[in-house]
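Shown here: input-v3.cif, mmCIF, C-alpha atoms.
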data_input
#
loop_
_atom_site.label_atom_id
_atom_site.label_comp_id
_atom_site.auth_asym_id
_atom_site.auth_seq_id
_atom_site.Cartn_x
_atom_site.Cartn_y
_atom_site.Cartn_z
CA LYS A 122 -7.23 59.84 21.38
CA ASN A 123 -10.51 58.43 20.13
CA PRO A 124 -12.61 61.32 18.78
CA SER A 125 -15.88 59.42 19.07
CA ALA A 126 -15.37 59.20 22.85
CA LEU A 127 -16.44 62.85 23.00
CA LYS A 128 -20.01 61.90 22.14
CA PHE A 129 -20.25 59.81 25.30
CA THR A 130 -19.27 62.60 27.67
CA ASN A 131 -20.92 65.61 29.26
CA PHE A 132 -18.13 67.76 27.85
CA ARG A 133 -19.51 68.10 24.32
CA ALA A 134 -20.24 71.78 25.03
CA ASP A 135 -17.00 72.49 26.89
CA ARG A 136 -14.85 74.70 24.66
CA GLU A 137 -11.54 73.63 26.16
CA VAL A 138 -12.27 69.92 25.99
CA VAL A 139 -13.57 70.08 22.44
CA MET A 140 -10.64 72.24 21.33
CA ALA A 141 -8.18 69.75 22.81
CA ALA A 142 -9.96 66.85 21.12
CA VAL A 143 -10.14 68.60 17.75
CA THR A 144 -6.50 69.68 17.94
CA SER A 145 -5.61 66.00 18.22
CA ASN A 146 -8.17 64.77 15.68
CA GLY A 147 -10.30 67.06 13.49
CA SER A 148 -13.12 64.54 13.24
CA ALA A 149 -13.87 65.07 16.94
CA LEU A 150 -15.77 68.23 15.97
CA GLN A 151 -18.63 66.12 14.65
CA TYR A 152 -19.36 65.07 18.26
CA ALA A 153 -19.29 68.59 19.72
CA SER A 154 -22.52 70.24 20.78
CA ASP A 155 -24.65 71.90 18.13
CA GLU A 156 -24.05 75.22 19.86
CA LEU A 157 -20.27 74.96 19.52
CA ARG A 158 -20.45 73.81 15.90
CA ALA A 159 -22.70 76.81 15.15
CA ASP A 160 -20.37 79.28 16.88
CA LYS A 161 -18.44 80.88 14.04
CA ASP A 162 -15.68 82.26 16.26
CA PHE A 163 -15.13 78.85 17.83
CA VAL A 164 -15.14 77.13 14.44
CA LEU A 165 -12.58 79.62 13.12
CA ALA A 166 -10.32 78.89 16.09
CA VAL A 167 -10.75 75.14 15.61
CA ILE A 168 -9.91 75.30 11.92
CA LYS A 169 -6.76 77.25 12.65
CA LYS A 170 -5.66 74.35 14.87
CA ASN A 171 -6.88 71.58 12.58
CA PRO A 172 -8.19 72.48 9.09
CA SER A 173 -9.58 68.97 8.56
CA ALA A 174 -12.37 69.81 11.03
CA LEU A 175 -13.99 72.12 8.45
CA LYS A 176 -15.91 69.23 6.92
CA PHE A 177 -17.85 68.84 10.19
CA THR A 178 -19.22 72.40 10.15
CA ASN A 179 -21.99 74.29 8.40
CA PHE A 180 -19.47 76.94 7.38
CA ARG A 181 -17.91 75.16 4.39
CA ALA A 182 -19.41 77.66 1.93
CA ASP A 183 -18.55 80.69 4.09
CA ARG A 184 -15.65 82.53 2.45
CA GLU A 185 -14.50 84.03 5.75
CA VAL A 186 -14.06 80.59 7.25
#
Entire entry expressed as C-alpha cells:
Amino acid sequence: KNPSALKFTNFRADREVVMAAVTSNGSALQYASDELRADKDFVLAVIKKNPSALKFTNFRADREV
C-alpha cells in the first residue's frame, strides 16, 4: 500500500511485484529498478494499468507511449 516501501526491498527489478505495486499506486514506479523503468514494453504495460505512472518514466515525450 505504501509505494515507497518498494525501494527498501530486493524486488525492485521483479516485474510482477513492481506491476502489482504500480497498479495500486502509480508513484511506485519511481522506486523500480532503472532497468524496468527503461524497458519500453514494461512501461507501456504499466501505463495501461495506471496512467499516472508516466511521470516517473523517461518516455514522457515518446508519442508511442
Exercise for review: For A:Asp155, please output as a ChimeraX atom specification all residues within 9 Å (counting all atoms listed in the file; exclusion window: fewer than 5 positions along the same chain).
Suggested key: /A:133-134,160
Exercise for review: Take the PyMOL selection byres ((chain A and resi 186) around 9), apply it to the structure above, and return the hits as a PyMOL selection string.
Suggested key: chain A and resi 161+164-165+168+175+180-185
Check your understanding: Of the residues A:Ala166, A:Ala153, A:Arg158, A:Ser173, which is the one nearest to A:Asp135, using only C-alpha atoms?
Key -> A:Ala153
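Residues within 9 Å of A:Val139, counting all atoms listed in the file and excluding same-chain residues fewer than 6 positions away, are Leu127, Phe132, Arg133, Ala149, Leu150, Tyr152, Ala153, Leu157 and Val167 of chain A.
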Practice item. Considering all atoms listed in the file, state which residue in the set A:Val138, A:Ser125, A:Thr130, A:Thr144 is at the smallest distance from A:Pro172. Key: A:Thr144
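Compared by their closest atoms to A:Phe129, and using all atoms listed in the file, the residues A:Ala141, A:Lys170, A:Ser154, A:Gly147 rank with A:Ser154 nearest.
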Revision key, fill the gap. Nearest to A:Val143, restricted to all atoms listed in the file and choosing among A:Asn123, A:Asn131, A:Asn171, A:Asn179, comes out as A:Asn171
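Coordinates place atom CA of A:Phe177 at a distance of 5.3 Å from atom CA of A:Gln151.
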Check your understanding: Which is closer to A:Ala159 than all the others in A:Ala126, A:Asn146, A:Arg136, A:Thr178, using all atoms listed in the file?
Key -> A:Thr178
Have stretch 127-139 of chain A completed to N, CA and C atoms, please, and pass it along as a compact mmCIF listing (two decimals), in the frame of the given file.
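Generated file (selection_23.txt):
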# COMPACT_ATOMS: atom_id res chain seq x y z
N LEU A 127 -15.84 61.56 22.62
CA LEU A 127 -16.44 62.85 23.00
C LEU A 127 -17.96 62.76 23.04
N LYS A 128 -18.55 61.97 22.17
CA LYS A 128 -20.01 61.90 22.14
C LYS A 128 -20.60 61.20 23.36
N PHE A 129 -19.77 60.52 24.12
CA PHE A 129 -20.25 59.81 25.30
C PHE A 129 -19.97 60.56 26.60
N THR A 130 -19.59 61.83 26.47
CA THR A 130 -19.27 62.60 27.67
C THR A 130 -20.22 63.77 27.83
N ASN A 131 -20.15 64.39 28.99
CA ASN A 131 -20.92 65.61 29.26
C ASN A 131 -20.13 66.84 28.86
N PHE A 132 -19.00 66.65 28.20
CA PHE A 132 -18.13 67.76 27.85
C PHE A 132 -18.28 68.20 26.40
N ARG A 133 -19.31 67.75 25.73
CA ARG A 133 -19.51 68.10 24.32
C ARG A 133 -19.66 69.60 24.10
N ALA A 134 -20.06 70.34 25.13
CA ALA A 134 -20.24 71.78 25.03
C ALA A 134 -19.11 72.55 25.70
N ASP A 135 -18.13 71.85 26.22
CA ASP A 135 -17.00 72.49 26.89
C ASP A 135 -15.95 72.89 25.85
N ARG A 136 -15.76 74.19 25.70
CA ARG A 136 -14.85 74.70 24.66
C ARG A 136 -13.43 74.14 24.78
N GLU A 137 -12.91 74.10 25.97
CA GLU A 137 -11.54 73.63 26.16
C GLU A 137 -11.39 72.15 25.82
N VAL A 138 -12.33 71.35 26.25
CA VAL A 138 -12.27 69.92 25.99
C VAL A 138 -12.41 69.64 24.50
N VAL A 139 -13.37 70.29 23.88
CA VAL A 139 -13.57 70.08 22.44
C VAL A 139 -12.37 70.57 21.65
